[in-house]
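For reference, the structure is listed below as structure tokens.
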There are 8 protein chains.
Amino acid sequence: MSKFSPRARVVTGVAGLAVVGAATFGALSANAAAKPGGPAAVSPAKGLITTQHLSIDAASKAAQAALDAGEKAGQHISVAVVDRNGTVIVQLRGDGAGPQSFESAERKAFTAVSWNNKTSVLVNNLQQNPTLKDIPGTLFLAGGVPVDSADAPIAGIGVAGAPSGAMDEAYAQAGAEAILK
Amino acid sequence: MSKFSPRARVVTGVAGLAVVGAATFGALSANAAAKPGGPAAVSPAKGLITTQHLSIDAASKAAQAALDAGEKAGQHISVAVVDRNGTVIVQLRGDGAGPQSFESAERKAFTAVSWNNKTSVLVNNLQQNPTLKDIPGTLFLAGGVPVDSADAPIAGIGVAGAPSGAMDEAYAQAGAEAILK
Amino acid sequence: MSKFSPRARVVTGVAGLAVVGAATFGALSANAAAKPGGPAAVSPAKGLITTQHLSIDAASKAAQAALDAGEKAGQHISVAVVDRNGTVIVQLRGDGAGPQSFESAERKAFTAVSWNNKTSVLVNNLQQNPTLKDIPGTLFLAGGVPVDSADAPIAGIGVAGAPSGAMDEAYAQAGAEAILK
Amino acid sequence: MSKFSPRARVVTGVAGLAVVGAATFGALSANAAAKPGGPAAVSPAKGLITTQHLSIDAASKAAQAALDAGEKAGQHISVAVVDRNGTVIVQLRGDGAGPQSFESAERKAFTAVSWNNKTSVLVNNLQQNPTLKDIPGTLFLAGGVPVDSADAPIAGIGVAGAPSGAMDEAYAQAGAEAILK
Amino acid sequence: MSKFSPRARVVTGVAGLAVVGAATFGALSANAAAKPGGPAAVSPAKGLITTQHLSIDAASKAAQAALDAGEKAGQHISVAVVDRNGTVIVQLRGDGAGPQSFESAERKAFTAVSWNNKTSVLVNNLQQNPTLKDIPGTLFLAGGVPVDSADAPIAGIGVAGAPSGAMDEAYAQAGAEAILK
Amino acid sequence: MSKFSPRARVVTGVAGLAVVGAATFGALSANAAAKPGGPAAVSPAKGLITTQHLSIDAASKAAQAALDAGEKAGQHISVAVVDRNGTVIVQLRGDGAGPQSFESAERKAFTAVSWNNKTSVLVNNLQQNPTLKDIPGTLFLAGGVPVDSADAPIAGIGVAGAPSGAMDEAYAQAGAEAILK
Amino acid sequence: MSKFSPRARVVTGVAGLAVVGAATFGALSANAAAKPGGPAAVSPAKGLITTQHLSIDAASKAAQAALDAGEKAGQHISVAVVDRNGTVIVQLRGDGAGPQSFESAERKAFTAVSWNNKTSVLVNNLQQNPTLKDIPGTLFLAGGVPVDSADAPIAGIGVAGAPSGAMDEAYAQAGAEAILK
Amino acid sequence: MSKFSPRARVVTGVAGLAVVGAATFGALSANAAAKPGGPAAVSPAKGLITTQHLSIDAASKAAQAALDAGEKAGQHISVAVVDRNGTVIVQLRGDGAGPQSFESAERKAFTAVSWNNKTSVLVNNLQQNPTLKDIPGTLFLAGGVPVDSADAPIAGIGVAGAPSGAMDEAYAQAGAEAILK
């Protein structure tokens, strides 16, 4: 059976930058330099940046904690965790959660990480800049909280489906706190 | 005029993980710990991973080099550079490039970074798994090359618009090599 | 703060069918009959059907088990669990999983639950009916497995990102087995 | 001719949870246990939930009754019935109904089932939370009514196309009442 | 409450062509000529054509008959009826029908009315013109039948969800025959 | 070369309703009755309705007249004519018209035919029902005018790109009047 | 009434490049230099290129000629003319044309201008590069012809709806020839 | 390897208008007249217009200058440059820029070129015409500036991601000025 190159495990060090130049196809060799015409290295200083992200384990833990908080309160909610680029890492549709909650949760998370603040705070900004809410992917409704590392937003957690945005936010906050030390 | 929290510069160290808990809104303070209810820190070991990315400067340099290679050959091309998540970092529509080239370049870059190989190689895999090409966002057509760091794909460069995929690939390769040390 | 009617917990019995006729707004009263003009009951025999679904807890458990199986094998994968209607219940993007894997996992799960079979089996059907793969939302690529209850499909589990579809399927299967008694 | 596994009739009992493990393809056998490697059973208590839905017969009856009510009043309307997940079950485009009415009806039904209330009531909530209307799939305009079972929303009926939302709502209500006992 | 102009009942005669020139708003007067600046008439010969369509009653009857035929055979199917422009008139999601069936039914109906033939016949044309299936909105899979009036296609009926396309077509045909005299 | 059944010319009489039952494929015979298993006739009274439409010649004439009116005034505009179902019949992008004008013109035409009134009038209705503008496909901005036949809207003409909506409307009106007798 | 800056007529000379720097709003003055902070000029040699396009009058003439050719042959077709960037300039839906024809015509025109050749020729290239047809927006089906100026493609004309692609191409060709000297 | 016709370099003179009539396929000959049945010339006066555009070099220079201005101020921004038709020429995602910034930048650029003014000015027009912001593709938020040539808008530059729209606009303006003479 044909096999595609597996994506190597997440880099923890910087061995350099490389471009696959060989026409070989199969399991990626452990040593890029061994591939003729394979990935060549570049000086990290010339073009590499390093960013922090939530691991899937941490993101799952946060999402589950938010869901649990909602369920404990007898609410049917959906939860989403997005990374610093707004890409979904985890998404959970709680039992009995309304159909509007799934994408709402994602958009709240997206909005929180975009401006590095809670959506319950960001919604107040619409009074002065009402067209901010026209930006694609956003939802200015309470229930989204950002997660920071070194003052930079690295993730957003969004919750939707409870009777009020304040409740949604409380569950999202519970999710965030579950991954705090 | 209302101000949104600026996104702090890319983190280079790990100060911990935080959740914005305060309702304050404005310029993010330099010291998260100073914000009551503000971002709290988590143990990096508990949930943070670090990934390498091309800086916008490196990505722009690569894209421009690919475009220049095409122009030098008298070809009208479009160029795209996407990151490890398939998100576009740079996109250039060359003078006179055909309308089909813009999204083609993006999809070739997406495909190359998805399987960590050149699309000219990946297209051969369709003989055994023809439905691979039905995966959304992909384009199995020569002209896409991956960029690696420590054997993991961190970016994809795609070129489209030249009379043959081999030419597209040569320009994409020139772009990749421009950021090699 | 304005409150929306919370969605009551998932019904476990059938009290009848009702239509909200009152203009009142707020927390849904426990006794629908108490609301003037509120939800009226219908005879279950006249229009209600009962269906089985995976709870979010079961779906999360399955998704996590699939992800764990992939990680144990050193693969970077994404996982999706969809219900009998193809709606996503859980979605997980593994660390380092390729960008193509997220939607691929969802489509494999969708395809498996649509025809109540593994996608590794369904792909063989394309030899006789090649246009089946043109049905929106489907992906005929190994890695999707259905979950049944009383012979009816009630969920689909999809995995994508490993070097081969056989590996993807093995992890999806591990996820399914995690919720078997 | 190639045959796909038919979806067995809607389950009325719970025989357990199963995963299709066999590579056989064809008509689903009546006895899952008979399939080697086929669906295995799980304990219902470990992961199954039961939900109530409108049958297609009940949903069609409701939609037709709504349409009839509109036609009797000389109005040209469209009607939609969605389930608890917002998925369309029945959709009817009345003779001469305006083109805007078809999707409007679906969105009104979606909105009603999302918050378990009439859209004529829900629209008032926008005064305090104006961004609720930015949630994808919603339409806060009179003409949508929820259908409940045991206080949980199980369907939404939406009507659009009449000169006023009050008229649309009256027809939707007529549809809902047609399936009341 | 504000009222919109109701759409007058479907025309059965041709009184002329008119443009609303008045700024008045409300119930459309019965006599267009009475509205100052209102719709003016044009000579029918100068720009009007007359087309035949299925009424919503006929379309519903056909869709229901198709659904009944499927249910009688123990199959879970979805049904769609589209008009000569490919616009959906009726759509029904049968109890237990697979999620892939809903849009499949619509596309089969669309394809049948587009080329005025059964999709089981049209699929054979792909041997000579395989790219026909790349036309947006189409699905070349058995289960779609056209309805003609005076040799011109006026509607398409599509069925999906049964184990074979031949079965889908039989039910669609049953739907069509239900409106034959 | 494979041939598809041509769509017969627009019916001007009603010969009955038919379903293609034959598997033959090719040029449609002139006499449907001659096709074994071919389209069968239904009683018109049982399911056919007749509607009036603008011919392509009339629609083109109207669109061109609107464009000419704009050009005569030195304005760069786009023009759209949609039928009673909101489907585009003619669309023209004037020289130098802004990119926003093309879809704006279509939406204005859609809105005008949806409520059978000028969009300059309909926009006033937003004061009482502000969420009307959330209906997909609509644009409540002056520049759209409906065309009626026997009091029923049969088309909409939309113009966009001029410095004011009043100017856009004047050109749309000129287009409408070009097809008045 | 508020007025927007009209787009000045298409430039026929190059007065320089400018950026609107003033906060004034209204009719654009004839002399940009007269606006304080208004558009400043750049040297054309530093950044301006000149391209040729079909005027709307020429594009309409071509589209109408193609439609007439089809109607003369008794065929029901749709016609599209796109510019060098694939943007639609004119689109016509002929009386009785199948619903699949409208977007097909646009895609054929897009494909022809993308590779500067007839789609009847381009389709042959799929034998060697079958994935070319996966490029978004394209349709490799006869009926599209490019229009050149000085060897560069400046427009594409697409026709769809006739029983064969050869017929579609003949009508598109007739459209193109109508604007030849 | 199969070769597609390269798009010839951007025309700088007008040699006439041509239609590819030959079935030959390959590199476009330098002399169109030499191709039998090839592109024929039309009189420029009969259908050609000339428009000014930013070259990719000028657009890239402007985008880079805007990005540099933002980075110098310590802000994380995205930049887009669109042509007179709203088509993206260059798009840059700055290091650490929020995910909302990428499409925001494009829409601001689109809006600026659509009405030939800064978006900080255009947003004021919403007071009188609030539905202008419902036009697809637009974003009425400061940060977009138009580029003119001979009083006609030929491009738009958009910036997003800084804490205020005024800052975004300053960087966009810096980008525009970089290509001023």
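Letters for chains follow the order of the structure tokens (A, B, ...), residue numbers begin at 1 for each chain, and ligand numbers begin at 1 in the order shown.
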Original post:
Taking the backbone alone, and naming residues the way the document does, which bits of range 52-113 of chain H are helix (DSSP H, G or I) by DSSP, as a PyMOL selection string?
Top reply: chain H and resi 56-72+100-113
Original post:
Hey, what's within 8 Å of Ala59 in chain C if we count only C-alpha atoms and toss same-chain stuff fewer than 2 positions away? As a PyMOL selection string, please?
Top reply: (chain C and resi 54-57+61-63+81+89-90) or (chain D and resi 47)
**OP:** At a cut-off of 6 Å, list the chain G residues touching chain E, using only C-alpha atoms, as number ranges by chain.
**Re:** G: 98-100
Kindly save the residues from that selection, with N, CA and C atoms included, as an mmCIF file, in the first residue's frame.
```cif
data_model
loop_
_atom_site.group_PDB
_atom_site.id
_atom_site.type_symbol
_atom_site.label_atom_id
_atom_site.label_comp_id
_atom_site.auth_asym_id
_atom_site.auth_seq_id
_atom_site.Cartn_x
_atom_site.Cartn_y
_atom_site.Cartn_z
ATOM 1 N N GLY G 98 -31.036 25.284 -19.622
ATOM 2 C CA GLY G 98 -30.994 24.455 -18.424
ATOM 3 C C GLY G 98 -30.270 25.172 -17.289
ATOM 4 N N PRO G 99 -30.638 24.841 -16.050
ATOM 5 C CA PRO G 99 -30.028 25.527 -14.897
ATOM 6 C C PRO G 99 -28.527 25.296 -14.773
ATOM 7 N N GLN G 100 -28.042 24.195 -15.354
ATOM 8 C CA GLN G 100 -26.612 23.908 -15.257
ATOM 9 C C GLN G 100 -25.799 24.794 -16.192
#
```
**OP:** Name all residues at most 9 Å from Ala174 in chain G (count only C-alpha atoms; drop same-chain ones fewer than 2 positions away) and give them as a list in words.
**Re:**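 Returned residues: Ala62, Ala65, Ala66, Asp68, Ala69, Glu169, Ala170, Tyr171, Ala172, Ala176, Glu177 and Ala178 of chain G.
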**OP:** Calculate how many Å separate CA of Ser164 in chain C from CA of Ala73 in chain C, rounding to one decimal.
**Re:**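 Straight-line distance from CA of Ser164 in chain C to CA of Ala73 in chain C works out to 12.5 Å.
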